Amino acid sequence: MSEAQTTVFIVDDDEAVRDSLKMLMESVDLHAEVFASAHEFLQLFDDDRSGCLVLDIRMPGMSGLELQAVLNERRSMLPVIFITGHGDVPMAVQAIRGGAQDFIQKPFREQELLDRVQQVLAEDSRNRDVLHQKRDILERLSTLTPREREVLGLVVAGNANKVIAIDLGLSQRTVEIHRAHVMDKMQTKSLAHLVRMMISVEDEEEAS
């Protein structure tokens with residue numbers, strides 16, 4: 001899939017609010033798309049799209065909290081900022097516990113919302129970069145043979161080639177060849193870099 005434009009997705013059942021928020025985002029050159037309901041948003045949203053969601057907490061039909069729950073079930077990375085009324089603060093706290101980035105109380109200063117949106121977009125960009133890097137590392141790992149994976153694990157654990165050779169019942173020269181293949185396939189010449197790569201995907205490796 002081609003990289004889509006970073007977008008501020010605005011979901012609010014009030015047309016005037018939708019239009020004003022869209023104009024506000026566009027006033028600082030942010031691309032914005034508006035949706036009148038949570039259902040409309042879910043029908044049209046692609047989980048791979050980057051940006052953030054500015055979401056009204058109270059809406060007829062599916063509420064903002066219910067939409068957040070659906071996105072969590074889909075393991076969506078899209079960060080959420082809730083727009084709340086004064087009486088919605090307990091709900092907003094629940095939203096934060098559910099993973100929302102923030103909630104902004106009405107009436108809010110436009111600059112306050114813009115600042116928070118910019119911060120969240122920067123965080124989303126960094127998170128997606130990290131995810132792409134992890135995917136790249138996992139793809140490289142998948143090209144290793146079972147023996148190369150064994151050598152990789154022992155190298156990352158800090159074992160010298162001589163020790164690895166004894167552990168695996170191989171000649172030291174064979175270990176050196178496997179190690180060279182590992183470094184080549186993992187696209188690094190630095191042991192420290194190799195260790196950092198493996199640490200970054202530890203959770204994914206354990207889950208697989």
# chains A, B, ... in the order shown; residues from 1 in each chain; ligands from 1
>>> residues_around(residues="stretch 74-77 of chain A", least_positions_apart="2", cutoff="9 Å", atoms="only C-alpha atoms", output="list in words")
Asp47, Asp48, Ser50, Ala69, Val70, Leu71, Asn72, Pro79, Asp124, Asn127 and Arg128 of chain A
>>> write_last_selection(atoms="C-alpha atoms", output="PDB file, in the first residue's frame")
ATOM      1  CA  ASP A  47      -6.074   1.187   9.650  1.00  0.00           C
ATOM      2  CA  ASP A  48      -2.808   1.794   7.796  1.00  0.00           C
ATOM      3  CA  SER A  50      -1.404   7.789   9.604  1.00  0.00           C
ATOM      4  CA  ALA A  69     -13.046   0.192  21.860  1.00  0.00           C
ATOM      5  CA  VAL A  70     -13.553  -0.985  18.261  1.00  0.00           C
ATOM      6  CA  LEU A  71     -10.257   0.593  17.174  1.00  0.00           C
ATOM      7  CA  ASN A  72      -8.491  -1.097  20.091  1.00  0.00           C
ATOM      8  CA  PRO A  79      -3.940   8.090  18.343  1.00  0.00           C
ATOM      9  CA  ASP A 124       2.375   8.895  15.590  1.00  0.00           C
ATOM     10  CA  ASN A 127       5.772   5.210  16.379  1.00  0.00           C
ATOM     11  CA  ARG A 128       5.176   4.244  12.755  1.00  0.00           C
TER      12      ARG A 128
END
>>> residues_around(residues="A:Ile96", least_positions_apart="2", cutoff="12 Å", atoms="only C-alpha atoms", output="list in words")
Ile57, Leu65, Gln68, Ala69, Pro79, Val80, Ile81, Phe82, Val89, Pro90, Met91, Ala92, Val93, Gln94, Gly98, Gly99, Ala100, Gln101, Asp102, Phe103 and Ile104 of chain A
>>> atom_distance(atom1="atom CA of A:Phe35", atom2="atom CA of A:Arg97")
24.5 Å
>>> select_by_dssp(residues="stretch 21-205 of chain A", states="strand (DSSP E or B)", output="VMD selection string")
chain A and resid 31 to 35 51 to 56 80 to 84 102 to 105
>>> atom_distance(atom1="atom CA of A:Glu150", atom2="atom CA of A:Asp167")
10.2 Å
>>> select_by_dssp(residues="stretch 48-88 of chain A", states="alpha helix (DSSP H)", output="PDB file with N, CA and C atoms, in the first residue's frame")
ATOM      1  N   GLY A  64     -18.174   7.947  21.260  1.00  0.00           N
ATOM      2  CA  GLY A  64     -16.730   8.026  21.064  1.00  0.00           C
ATOM      3  C   GLY A  64     -15.993   6.917  21.779  1.00  0.00           C
ATOM      4  N   LEU A  65     -16.434   6.593  23.002  1.00  0.00           N
ATOM      5  CA  LEU A  65     -15.795   5.503  23.757  1.00  0.00           C
ATOM      6  C   LEU A  65     -15.980   4.160  23.063  1.00  0.00           C
ATOM      7  N   GLU A  66     -17.156   3.944  22.487  1.00  0.00           N
ATOM      8  CA  GLU A  66     -17.405   2.676  21.776  1.00  0.00           C
ATOM      9  C   GLU A  66     -16.551   2.591  20.520  1.00  0.00           C
ATOM     10  N   LEU A  67     -16.384   3.710  19.837  1.00  0.00           N
ATOM     11  CA  LEU A  67     -15.503   3.730  18.665  1.00  0.00           C
ATOM     12  C   LEU A  67     -14.070   3.421  19.080  1.00  0.00           C
ATOM     13  N   GLN A  68     -13.623   4.015  20.171  1.00  0.00           N
ATOM     14  CA  GLN A  68     -12.274   3.749  20.673  1.00  0.00           C
ATOM     15  C   GLN A  68     -12.103   2.248  20.949  1.00  0.00           C
ATOM     16  N   ALA A  69     -13.120   1.620  21.547  1.00  0.00           N
ATOM     17  CA  ALA A  69     -13.046   0.192  21.860  1.00  0.00           C
ATOM     18  C   ALA A  69     -12.910  -0.644  20.589  1.00  0.00           C
ATOM     19  N   VAL A  70     -13.643  -0.262  19.536  1.00  0.00           N
ATOM     20  CA  VAL A  70     -13.553  -0.985  18.261  1.00  0.00           C
ATOM     21  C   VAL A  70     -12.151  -0.841  17.666  1.00  0.00           C
ATOM     22  N   LEU A  71     -11.602   0.369  17.700  1.00  0.00           N
ATOM     23  CA  LEU A  71     -10.257   0.593  17.174  1.00  0.00           C
ATOM     24  C   LEU A  71      -9.230  -0.212  17.962  1.00  0.00           C
ATOM     25  N   ASN A  72      -9.409  -0.294  19.279  1.00  0.00           N
ATOM     26  CA  ASN A  72      -8.491  -1.097  20.091  1.00  0.00           C
ATOM     27  C   ASN A  72      -8.561  -2.572  19.716  1.00  0.00           C
ATOM     28  N   GLU A  73      -9.780  -3.067  19.465  1.00  0.00           N
ATOM     29  CA  GLU A  73      -9.946  -4.462  19.045  1.00  0.00           C
ATOM     30  C   GLU A  73      -9.248  -4.719  17.712  1.00  0.00           C
TER      31      GLU A  73
END
